[in-house]
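Shown below: entry.txt, with compact mmCIF, C-alpha atoms and all ligand atoms.
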# COMPACT_ATOMS: atom_id res chain seq x y z
CA MET A 1 0.00 0.00 0.00
CA ILE A 2 1.37 3.44 -0.81
CA ILE A 3 1.76 5.79 2.08
CA GLY A 4 0.88 9.33 1.13
CA HIS A 5 -2.79 9.53 0.18
CA GLY A 6 -4.44 12.79 1.26
CA GLY A 7 -6.79 13.06 4.20
CA ASN A 8 -4.53 12.05 7.06
CA ILE A 9 -6.05 14.45 9.56
CA HIS A 10 -5.36 12.08 12.45
CA GLU A 11 -1.61 12.24 12.01
CA LEU A 12 -1.61 16.04 11.81
CA ALA A 13 -3.97 16.35 14.79
CA HIS A 14 -1.57 14.17 16.75
CA GLN A 15 1.42 16.35 15.76
CA LEU A 16 -0.40 19.55 16.69
CA ALA A 17 -1.98 18.00 19.78
CA CYS A 18 -5.46 19.08 18.69
CA ASP A 19 -8.77 17.45 17.88
CA PRO A 20 -9.00 16.23 14.22
CA LYS A 21 -12.26 18.22 14.06
CA ASN A 22 -10.22 21.42 14.30
CA ILE A 23 -8.29 20.65 11.14
CA VAL A 24 -9.56 21.92 7.82
CA ASP A 25 -8.90 19.04 5.48
CA MET A 26 -8.18 20.43 2.02
CA SER A 27 -6.10 17.40 1.16
CA SER A 28 -8.88 14.95 0.36
CA ASN A 29 -11.36 15.69 -2.37
CA MET A 30 -14.68 15.40 -0.60
CA ASN A 31 -17.84 17.32 -1.43
CA PRO A 32 -17.71 20.64 0.45
CA LEU A 33 -21.53 20.63 0.71
CA GLY A 34 -21.81 17.02 1.77
CA PRO A 35 -22.97 14.74 3.13
CA PRO A 36 -26.44 15.35 1.68
CA PRO A 37 -29.03 16.77 4.08
CA ASP A 38 -31.00 14.16 6.05
CA LEU A 39 -28.55 11.34 5.41
CA MET A 40 -27.36 11.26 9.01
CA GLU A 41 -30.93 11.32 10.33
CA HIS A 42 -31.82 8.47 8.05
CA LEU A 43 -28.80 6.40 9.09
CA ASN A 44 -29.58 7.03 12.74
CA THR A 45 -32.86 5.21 12.23
CA ARG A 46 -31.05 2.31 10.55
CA LEU A 47 -28.20 1.64 12.98
CA GLU A 48 -29.70 -1.70 13.93
CA SER A 49 -29.01 -2.95 10.41
CA ILE A 50 -25.48 -3.79 11.57
CA PHE A 51 -26.88 -6.55 13.79
CA ALA A 52 -27.69 -8.67 10.73
CA LEU A 53 -25.62 -9.63 7.72
CA PRO A 54 -25.96 -7.19 4.82
CA GLU A 55 -27.33 -8.47 1.52
CA ALA A 56 -24.47 -10.56 0.17
CA ASP A 57 -24.48 -9.05 -3.33
CA ALA A 58 -25.96 -5.67 -2.32
CA GLY A 59 -28.84 -6.49 -4.71
CA ARG A 60 -31.31 -3.82 -3.52
CA MET A 61 -28.61 -1.16 -3.61
CA LYS A 62 -27.47 -2.23 -7.08
CA THR A 63 -31.06 -2.07 -8.35
CA ALA A 64 -31.39 1.46 -6.94
CA ALA A 65 -28.08 2.48 -8.52
CA ALA A 66 -28.98 1.00 -11.90
CA LYS A 67 -32.28 2.89 -11.91
CA TRP A 68 -30.52 6.08 -10.89
CA LEU A 69 -27.95 5.66 -13.67
CA GLY A 70 -30.48 4.53 -16.28
CA ILE A 71 -28.76 1.20 -16.99
CA SER A 72 -29.72 -2.41 -16.34
CA ALA A 73 -28.73 -3.89 -12.96
CA ASN A 74 -26.64 -6.62 -14.58
CA ARG A 75 -24.25 -3.94 -15.84
CA LEU A 76 -22.85 -3.09 -12.43
CA LEU A 77 -21.06 -4.52 -9.43
CA ALA A 78 -20.70 -2.91 -6.01
CA GLU A 79 -17.82 -3.20 -3.58
CA ASN A 80 -16.18 -1.72 -0.55
CA GLY A 81 -15.10 1.42 -2.47
CA THR A 82 -13.74 1.61 -6.00
CA THR A 83 -10.36 0.79 -4.43
CA GLN A 84 -11.48 -2.83 -4.27
CA PHE A 85 -11.97 -2.88 -8.06
CA ILE A 86 -8.76 -1.01 -8.80
CA TYR A 87 -6.85 -3.77 -7.02
CA THR A 88 -8.87 -6.67 -8.46
CA LEU A 89 -9.06 -5.68 -12.12
CA PRO A 90 -5.42 -6.27 -13.16
CA ARG A 91 -5.74 -9.90 -12.03
CA ALA A 92 -9.33 -10.46 -13.17
CA LEU A 93 -8.66 -9.04 -16.65
CA LYS A 94 -5.31 -10.87 -16.85
CA ILE A 95 -3.55 -7.62 -17.71
CA LYS A 96 0.17 -8.03 -18.45
CA GLN A 97 1.13 -4.52 -19.48
CA ALA A 98 -0.81 -1.35 -18.68
CA LEU A 99 -0.56 2.21 -19.91
CA ILE A 100 -1.36 4.95 -17.39
CA LEU A 101 -2.22 8.55 -18.28
CA ALA A 102 -0.10 10.41 -15.72
CA PRO A 103 0.39 12.21 -13.40
CA THR A 104 -2.60 10.55 -11.75
CA TYR A 105 -3.97 8.69 -8.77
CA ALA A 106 -1.20 6.36 -7.64
CA ASP A 107 -3.31 3.32 -6.87
CA TYR A 108 -3.59 2.21 -10.52
CA ALA A 109 0.19 1.72 -10.65
CA ASP A 110 0.22 0.31 -7.16
CA ALA A 111 -2.46 -2.24 -8.02
CA CYS A 112 -0.53 -3.24 -11.16
CA ARG A 113 2.66 -3.61 -9.16
CA MET A 114 0.86 -5.78 -6.62
CA GLN A 115 -0.31 -8.11 -9.40
CA GLY A 116 3.03 -8.17 -11.24
CA VAL A 117 1.70 -6.04 -14.12
CA ALA A 118 4.26 -3.83 -15.90
CA CYS A 119 3.28 -0.18 -16.33
CA ASP A 120 4.11 2.33 -18.99
CA TYR A 121 3.19 6.02 -18.70
CA ILE A 122 2.15 8.83 -20.96
CA TYR A 123 2.56 12.16 -19.23
CA THR A 124 0.65 15.38 -19.53
CA SER A 125 2.73 18.46 -18.77
CA ALA A 126 2.53 21.74 -16.87
CA ALA A 127 3.60 23.50 -20.08
CA GLU A 128 0.35 22.28 -21.66
CA ASN A 129 -1.79 22.87 -18.58
CA PHE A 130 -1.89 19.08 -18.14
CA THR A 131 -4.28 18.79 -21.10
CA PRO A 132 -4.34 15.15 -22.23
CA ASN A 133 -3.09 14.64 -25.76
CA ILE A 134 -5.21 11.87 -27.24
CA THR A 135 -3.01 11.45 -30.32
CA ALA A 136 0.11 10.96 -28.19
CA LEU A 137 -1.80 8.57 -25.91
CA GLU A 138 -3.04 6.56 -28.85
CA GLN A 139 0.47 6.20 -30.25
CA LYS A 140 1.52 4.46 -27.02
CA ILE A 141 -1.35 1.97 -26.81
CA ALA A 142 0.25 -0.77 -28.93
CA GLY A 143 1.80 -3.41 -26.68
CA ASN A 144 -0.44 -2.57 -23.73
CA ASP A 145 -3.52 -4.60 -22.92
CA ALA A 146 -5.09 -1.97 -20.67
CA VAL A 147 -5.21 1.81 -20.34
CA PHE A 148 -6.05 3.58 -17.07
CA ILE A 149 -7.58 7.05 -17.38
CA CYS A 150 -8.87 9.06 -14.46
CA ASN A 151 -11.57 11.38 -15.83
CA PRO A 152 -11.57 14.06 -14.61
CA ASN A 153 -8.10 13.42 -13.40
CA ASN A 154 -6.79 13.49 -9.87
CA PRO A 155 -4.69 15.61 -9.21
CA THR A 156 -4.83 17.80 -12.34
CA GLY A 157 -8.62 18.25 -12.55
CA ARG A 158 -8.53 17.91 -16.35
CA LEU A 159 -11.31 16.16 -18.28
CA VAL A 160 -11.05 14.21 -21.52
CA PRO A 161 -14.36 14.86 -23.32
CA ALA A 162 -16.43 11.78 -24.12
CA ALA A 163 -16.37 12.95 -27.75
CA ASP A 164 -12.62 12.12 -27.78
CA LEU A 165 -12.58 9.20 -25.38
CA ALA A 166 -15.40 7.07 -26.79
CA PRO A 167 -13.99 6.97 -30.36
CA LEU A 168 -10.55 6.13 -28.91
CA CYS A 169 -12.02 3.14 -27.06
CA ARG A 170 -13.89 2.07 -30.20
CA ARG A 171 -10.68 2.19 -32.28
CA HIS A 172 -8.98 -0.25 -29.85
CA PRO A 173 -11.52 -2.98 -29.14
CA LYS A 174 -8.84 -5.43 -27.96
CA THR A 175 -7.57 -3.05 -25.25
CA TRP A 176 -9.26 -2.65 -21.87
CA PHE A 177 -10.02 0.95 -20.97
CA ILE A 178 -10.46 1.46 -17.23
CA ILE A 179 -11.99 4.90 -16.80
CA ASP A 180 -12.23 6.27 -13.28
CA GLU A 181 -15.19 8.66 -13.20
CA SER A 182 -15.14 9.17 -9.43
CA TYR A 183 -14.93 12.98 -9.78
CA LEU A 184 -17.24 13.31 -12.79
CA PRO A 185 -20.32 14.17 -10.68
CA PHE A 186 -18.59 17.44 -9.68
CA VAL A 187 -18.24 18.65 -13.28
CA LEU A 188 -20.79 21.11 -14.70
CA ASN A 189 -23.01 19.56 -17.40
CA SER A 190 -21.09 16.33 -17.10
CA ASP A 191 -23.91 13.84 -17.59
CA LYS A 192 -23.05 13.56 -21.30
CA GLU A 193 -19.35 13.02 -20.47
CA SER A 194 -19.72 9.58 -18.91
CA LEU A 195 -18.74 6.59 -21.01
CA MET A 196 -21.27 4.45 -19.20
CA HIS A 197 -23.95 4.69 -21.86
CA THR A 198 -21.65 3.70 -24.73
CA ASN A 199 -21.83 0.16 -23.28
CA LEU A 200 -18.62 -0.85 -25.07
CA GLU A 201 -17.32 -4.33 -24.33
CA ASN A 202 -13.77 -3.12 -23.62
CA VAL A 203 -14.67 -0.27 -21.25
CA LEU A 204 -15.01 -0.41 -17.48
CA ILE A 205 -16.09 2.58 -15.45
CA LEU A 206 -15.22 3.17 -11.81
CA SER A 207 -17.69 5.30 -9.88
CA SER A 208 -17.08 6.13 -6.24
CA MET A 209 -19.78 7.18 -3.79
CA SER A 210 -17.11 8.47 -1.38
CA LYS A 211 -16.43 11.84 -2.98
CA ILE A 212 -19.71 13.27 -4.23
CA PHE A 213 -21.67 12.18 -1.14
CA ARG A 214 -18.78 12.68 1.28
CA ILE A 215 -19.12 9.22 2.78
CA PRO A 216 -15.56 7.86 2.37
CA GLY A 217 -15.75 6.05 5.70
CA LEU A 218 -18.76 4.02 4.58
CA ARG A 219 -16.83 2.55 1.63
CA VAL A 220 -19.01 2.13 -1.48
CA GLY A 221 -18.06 2.18 -5.13
CA PHE A 222 -19.42 0.76 -8.38
CA LEU A 223 -17.91 -0.90 -11.42
CA ILE A 224 -19.97 -0.45 -14.57
CA GLY A 225 -19.44 -2.27 -17.83
CA HIS A 226 -20.96 -4.41 -20.52
CA GLU A 227 -23.23 -7.12 -19.14
CA LYS A 228 -20.99 -9.98 -20.44
CA LEU A 229 -17.92 -8.53 -18.78
CA ILE A 230 -19.70 -7.78 -15.51
CA GLN A 231 -20.97 -11.37 -15.42
CA LYS A 232 -17.37 -12.60 -15.77
CA LEU A 233 -15.99 -10.16 -13.19
CA SER A 234 -18.67 -11.09 -10.66
CA ASP A 235 -16.63 -14.29 -10.09
CA TYR A 236 -14.11 -12.10 -8.29
CA SER A 237 -16.63 -10.54 -5.88
CA MET A 238 -16.66 -11.69 -2.31
CA PRO A 239 -19.94 -11.98 -0.40
CA TRP A 240 -20.90 -9.03 1.85
CA GLY A 241 -18.58 -6.71 -0.02
CA VAL A 242 -20.66 -3.68 1.01
CA ASN A 243 -21.57 -3.25 4.68
CA SER A 244 -25.15 -2.75 5.93
CA LEU A 245 -24.96 0.97 6.69
CA ALA A 246 -23.30 1.71 3.38
CA GLN A 247 -26.10 -0.15 1.58
CA GLU A 248 -28.70 1.78 3.59
CA ALA A 249 -27.05 5.10 2.77
CA VAL A 250 -26.71 4.55 -0.95
CA CYS A 251 -30.23 3.08 -1.32
CA TYR A 252 -31.59 6.11 0.50
CA LEU A 253 -29.66 8.63 -1.60
CA LEU A 254 -30.28 7.05 -4.98
CA THR A 255 -34.01 6.58 -4.46
CA GLN A 256 -34.55 10.17 -3.27
CA THR A 257 -34.10 11.08 -6.90
CA SER A 258 -35.07 14.71 -7.04
CA ALA A 259 -33.45 15.66 -3.72
CA THR A 260 -30.19 13.95 -4.70
CA LYS A 261 -30.21 15.48 -8.19
CA GLY A 262 -30.73 18.89 -6.58
CA PHE A 263 -27.87 18.24 -4.18
CA ILE A 264 -25.52 17.31 -7.02
CA GLU A 265 -26.57 20.37 -9.06
CA SER A 266 -25.93 22.65 -6.08
CA THR A 267 -22.56 21.01 -5.56
CA ARG A 268 -21.56 21.62 -9.18
CA ASP A 269 -22.59 25.27 -9.07
CA PHE A 270 -20.90 25.85 -5.73
CA VAL A 271 -17.65 24.17 -6.73
CA ALA A 272 -17.49 26.07 -10.04
CA ALA A 273 -18.03 29.41 -8.29
CA GLU A 274 -15.51 28.70 -5.50
CA ARG A 275 -12.90 27.46 -7.96
CA HIS A 276 -13.17 30.72 -9.85
CA ARG A 277 -13.00 32.82 -6.66
CA PHE A 278 -10.02 30.89 -5.32
CA VAL A 279 -7.96 31.23 -8.47
CA GLU A 280 -8.81 34.95 -8.76
CA TYR A 281 -7.17 35.51 -5.38
CA PHE A 282 -3.83 34.60 -6.88
CA ARG A 283 -4.12 36.44 -10.15
CA ASN A 284 -0.86 38.27 -10.98
CA LEU A 285 1.07 36.53 -8.20
CA PRO A 286 4.11 35.11 -9.99
CA LYS A 287 5.05 32.65 -7.22
CA ILE A 288 2.06 30.40 -7.68
CA ARG A 289 0.26 29.17 -10.77
CA PHE A 290 -3.08 27.37 -10.68
CA PHE A 291 -3.99 25.03 -13.51
CA PRO A 292 -7.48 24.95 -15.01
CA SER A 293 -9.64 22.36 -13.27
CA GLU A 294 -13.14 21.05 -13.94
CA THR A 295 -13.72 19.57 -10.54
CA ASP A 296 -13.59 20.18 -6.76
CA PHE A 297 -9.82 20.52 -6.40
CA LEU A 298 -7.06 22.66 -7.85
CA LEU A 299 -3.48 21.80 -8.71
CA ALA A 300 -0.92 24.57 -8.29
CA GLU A 301 2.76 24.96 -9.15
CA LEU A 302 4.98 26.94 -6.79
CA LYS A 303 7.88 29.06 -7.97
CA GLY A 304 10.83 29.38 -5.60
CA LEU A 305 9.10 27.48 -2.80
CA THR A 306 8.73 23.77 -2.19
CA ALA A 307 5.50 21.92 -1.53
CA ASP A 308 6.98 20.81 1.76
CA MET A 309 7.54 24.41 2.91
CA VAL A 310 4.02 25.45 2.00
CA TRP A 311 2.48 22.28 3.43
CA THR A 312 4.28 22.82 6.75
CA GLU A 313 3.24 26.44 7.05
CA MET A 314 -0.40 25.70 6.20
CA ALA A 315 -0.38 22.71 8.58
CA ARG A 316 0.88 24.93 11.40
CA HIS A 317 -2.36 26.87 10.92
CA ARG A 318 -4.36 23.63 10.95
CA ILE A 319 -5.04 23.57 7.24
CA LEU A 320 -4.08 20.31 5.59
CA ILE A 321 -3.29 20.48 1.87
CA ARG A 322 -1.91 17.79 -0.43
CA ASN A 323 1.82 17.84 -1.03
CA CYS A 324 1.99 16.38 -4.55
CA SER A 325 5.68 15.53 -4.60
CA ASN A 326 4.93 11.79 -4.49
CA PHE A 327 2.87 11.85 -7.70
CA ASN A 328 4.79 10.23 -10.53
CA GLY A 329 5.14 13.03 -13.12
CA LEU A 330 5.08 15.93 -10.63
CA SER A 331 7.88 17.41 -8.55
CA ASP A 332 8.18 18.91 -5.09
CA ASN A 333 6.79 22.19 -6.43
CA PHE A 334 3.19 21.03 -6.70
CA ILE A 335 0.33 21.20 -4.24
CA ARG A 336 -3.33 20.27 -4.55
CA ILE A 337 -6.10 22.09 -2.75
CA SER A 338 -9.60 20.71 -2.32
CA LEU A 339 -12.27 23.32 -2.03
CA LYS A 340 -14.25 23.57 1.17
CA ASN A 341 -16.94 26.03 2.31
CA ARG A 342 -16.65 29.74 1.48
CA GLU A 343 -15.21 30.72 4.84
CA GLU A 344 -12.59 27.97 4.86
CA ASN A 345 -11.61 28.68 1.27
CA GLU A 346 -11.12 32.35 2.06
CA LYS A 347 -9.07 31.58 5.15
CA ALA A 348 -6.89 29.15 3.21
CA ALA A 349 -6.48 31.55 0.28
CA ASP A 350 -5.44 34.42 2.61
CA LEU A 351 -2.89 32.24 4.34
CA LEU A 352 -1.52 30.76 1.14
CA LYS A 353 -1.20 34.23 -0.33
CA GLN A 354 0.83 35.40 2.66
CA ILE A 355 3.09 32.35 2.37
CA VAL A 356 3.81 32.68 -1.33
CA LYS A 357 4.13 36.48 -1.44
C1 LIG B 1 -9.34 9.00 -8.56
C2 LIG B 1 -9.73 8.16 -7.39
N1 LIG B 1 -10.29 6.97 -7.62
C3 LIG B 1 -10.63 6.18 -6.61
C4 LIG B 1 -10.42 6.54 -5.30
C5 LIG B 1 -10.82 5.60 -4.20
O1 LIG B 1 -12.11 5.88 -3.77
P1 LIG B 1 -13.02 4.87 -2.99
O2 LIG B 1 -12.27 3.60 -2.79
O3 LIG B 1 -13.35 5.53 -1.71
O4 LIG B 1 -14.24 4.67 -3.87
C6 LIG B 1 -9.85 7.78 -5.01
C7 LIG B 1 -9.60 8.20 -3.63
O5 LIG B 1 -9.03 9.22 -3.33
C8 LIG B 1 -9.49 8.62 -6.09
O6 LIG B 1 -8.95 9.83 -5.89

Take the structure in the file and write it out as structure tokens.
Amino acid sequence: MIIGHGGNIHELAHQLACDPKNIVDMSSNMNPLGPPPDLMEHLNTRLESIFALPEADAGRMKTAAAKWLGISANRLLAENGTTQFIYTLPRALKIKQALILAPTYADYADACRMQGVACDYIYTSAAENFTPNITALEQKIAGNDAVFICNPNNPTGRLVPAADLAPLCRRHPKTWFIIDESYLPFVLNSDKESLMHTNLENVLILSSMSKIFRIPGLRVGFLIGHEKLIQKLSDYSMPWGVNSLAQEAVCYLLTQTSATKGFIESTRDFVAAERHRFVEYFRNLPKIRFFPSETDFLLAELKGLTADMVWTEMARHRILIRNCSNFNGLSDNFIRISLKNREENEKAADLLKQIVK
């Protein structure tokens, strides 16, 4: 397991001898408006569900999710977070050599390493605002049996439009495309950007409930693909892969259709507005450069300062940001900031401005 994911508020709280509640966690990319209203009240009435085994295949929850997504229930599997799928797929798909669009979430490479799968990388660059180059990516596909693409990407926040991605997948029917759409719900007008409805036989979509509903501790994620493939991959699912409370939460959220749609719409609008405000704060400041992002976090490059220096100074003020120096393809000059509520964003922006000035 790699050490160095975001979100380690416990370690920082220990260092600062404070309660984790007093730390503003801008290092993990959770919905700043979440969890959705009423979820806690609902779960409080369902606590007794932990006294019985959950449904072994999370059938009721999968049916709710399929209806929510507008696909048939035999096109999806549910597990204890998308992490479970990331680590199972290299073995289940018998991948030998994978191509990763980088810099990106480290667990794809970690999962490959764990299963003895060799990885090759195609890098986006700061000089090009980390915009993925589909032609360059396509030229590297030969010799790889799978391609991992995080869309929109963590940590760059860049999106490959479905209009580019779907034809690419169609042109390479013998290659698996594993598309992680965990941050897609944060993107404005993104419903048309999912590859889910293409239903291609070589495409698998990862969709996490952790981020958009801010329930990372419950652990729920979906894998969506063509029915034939999902049938095959179900052989790798263990019983009771999703715990009772997680099933209760997701069933509740995905059957409250209009409330949940409203919540996601508000999230998208809020995140877009805060992203704009945050970046504006730093306009004309040569020591920091923010890259365009479509989602709820921002990647920034520091000039003349290291990520470690900035991380330490922010941490001293109980604001945890992501030091991106351990992302393959970035250096120790990159930080990632996840947007929080207006007040916390302003406080963080003021502090960061003082540090970089
Ligand atoms: C891009 C991406 N995919 C997947 C995950 C894992 O999410 P989960 O296992 O909670 O669904 C993360 C977590 O940070 C992530 O950033």

Please determine, counting all atoms listed in the file, which residue among A:Glu48, A:Glu301, A:Asp235, A:Asp180 has the shortest atom-to-atom distance to Thr82 (chain A).
A:Asp180

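The residue that comes closest to ligand LIG 1 (chain B), out of A:Asn153, A:Asn333, A:Gln15, A:Thr88 and on the basis of only C-alpha atoms and all ligand atoms, is A:Asn153.
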
Neighbouring residues of ligand LIG 1 (chain B) are defined here as those with any atom at most 7 Å from a ligand atom, counting all atoms listed in the file; list them as a ChimeraX atom specification.
/A:28-29,80-84,105,150,153-154,180,182-183,207-210,216,219-221

Write out as lines of an AutoDock Vina configuration file an axis-aligned box for region 265-273 of chain A: all of its atoms listed in the file, 4 Å added on each side, centre and edge lengths in Å with one decimal.
center_x = -22.0
center_y = 24.9
center_z = -7.8
size_x = 17.1
size_y = 17.0
size_z = 12.5

May I have the residues within 7 Å of region 238-240 of chain A as an mmCIF file with C-alpha atoms, keeping the file's coordinate frame, using only C-alpha atoms and disregarding those fewer than 2 positions away in the same chain?
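The result, written out as out38.cif:
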data_model
loop_
_atom_site.group_PDB
_atom_site.id
_atom_site.type_symbol
_atom_site.label_atom_id
_atom_site.label_comp_id
_atom_site.auth_asym_id
_atom_site.auth_seq_id
_atom_site.Cartn_x
_atom_site.Cartn_y
_atom_site.Cartn_z
ATOM 1 C CA PRO A 54 -25.960 -7.190 4.820
ATOM 2 C CA GLU A 55 -27.330 -8.470 1.520
ATOM 3 C CA ALA A 56 -24.470 -10.560 0.170
ATOM 4 C CA ASP A 57 -24.480 -9.050 -3.330
ATOM 5 C CA TYR A 236 -14.110 -12.100 -8.290
ATOM 6 C CA VAL A 242 -20.660 -3.680 1.010
ATOM 7 C CA ASN A 243 -21.570 -3.250 4.680
#

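Taking CA of Val160 (chain A) as the reference point, CA of Ile134 (chain A) is found at 8.5 Å.
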
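Counting from CA of Asn323 (chain A), the distance to CA of Glu181 (chain A) is 22.8 Å.
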
Give me region 10-23 of chain A with N, CA and C atoms filled in, as a PDB file, in the frame of the given file.
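Output below, filename part19.pdb:
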ATOM      1  N   HIS A  10      -5.679  12.633  11.122  1.00  0.00           N
ATOM      2  CA  HIS A  10      -5.360  12.080  12.450  1.00  0.00           C
ATOM      3  C   HIS A  10      -3.890  12.306  12.782  1.00  0.00           C
ATOM      4  N   GLU A  11      -3.041  12.074  11.776  1.00  0.00           N
ATOM      5  CA  GLU A  11      -1.610  12.240  12.010  1.00  0.00           C
ATOM      6  C   GLU A  11      -1.295  13.714  12.333  1.00  0.00           C
ATOM      7  N   LEU A  12      -1.883  14.625  11.563  1.00  0.00           N
ATOM      8  CA  LEU A  12      -1.610  16.040  11.810  1.00  0.00           C
ATOM      9  C   LEU A  12      -2.164  16.476  13.166  1.00  0.00           C
ATOM     10  N   ALA A  13      -3.362  15.996  13.493  1.00  0.00           N
ATOM     11  CA  ALA A  13      -3.970  16.350  14.790  1.00  0.00           C
ATOM     12  C   ALA A  13      -3.061  15.877  15.923  1.00  0.00           C
ATOM     13  N   HIS A  14      -2.471  14.713  15.735  1.00  0.00           N
ATOM     14  CA  HIS A  14      -1.570  14.170  16.750  1.00  0.00           C
ATOM     15  C   HIS A  14      -0.335  15.083  16.890  1.00  0.00           C
ATOM     16  N   GLN A  15       0.233  15.465  15.736  1.00  0.00           N
ATOM     17  CA  GLN A  15       1.420  16.350  15.760  1.00  0.00           C
ATOM     18  C   GLN A  15       1.131  17.683  16.435  1.00  0.00           C
ATOM     19  N   LEU A  16      -0.071  18.215  16.151  1.00  0.00           N
ATOM     20  CA  LEU A  16      -0.400  19.550  16.690  1.00  0.00           C
ATOM     21  C   LEU A  16      -1.103  19.468  18.039  1.00  0.00           C
ATOM     22  N   ALA A  17      -1.278  18.232  18.512  1.00  0.00           N
ATOM     23  CA  ALA A  17      -1.980  18.000  19.780  1.00  0.00           C
ATOM     24  C   ALA A  17      -3.347  18.704  19.798  1.00  0.00           C
ATOM     25  N   CYS A  18      -4.099  18.494  18.727  1.00  0.00           N
ATOM     26  CA  CYS A  18      -5.460  19.080  18.690  1.00  0.00           C
ATOM     27  C   CYS A  18      -6.450  18.013  18.241  1.00  0.00           C
ATOM     28  N   ASP A  19      -7.718  18.376  18.305  1.00  0.00           N
ATOM     29  CA  ASP A  19      -8.770  17.450  17.880  1.00  0.00           C
ATOM     30  C   ASP A  19      -8.802  17.444  16.342  1.00  0.00           C
ATOM     31  N   PRO A  20      -8.918  16.261  15.693  1.00  0.00           N
ATOM     32  CA  PRO A  20      -9.000  16.230  14.220  1.00  0.00           C
ATOM     33  C   PRO A  20     -10.105  17.138  13.683  1.00  0.00           C
ATOM     34  N   LYS A  21     -11.146  17.359  14.497  1.00  0.00           N
ATOM     35  CA  LYS A  21     -12.260  18.220  14.060  1.00  0.00           C
ATOM     36  C   LYS A  21     -11.802  19.652  13.821  1.00  0.00           C
ATOM     37  N   ASN A  22     -10.694  20.036  14.453  1.00  0.00           N
ATOM     38  CA  ASN A  22     -10.220  21.420  14.300  1.00  0.00           C
ATOM     39  C   ASN A  22      -9.282  21.600  13.116  1.00  0.00           C
ATOM     40  N   ILE A  23      -9.134  20.544  12.339  1.00  0.00           N
ATOM     41  CA  ILE A  23      -8.290  20.650  11.140  1.00  0.00           C
ATOM     42  C   ILE A  23      -9.175  20.808   9.908  1.00  0.00           C
TER      43      ILE A  23
END
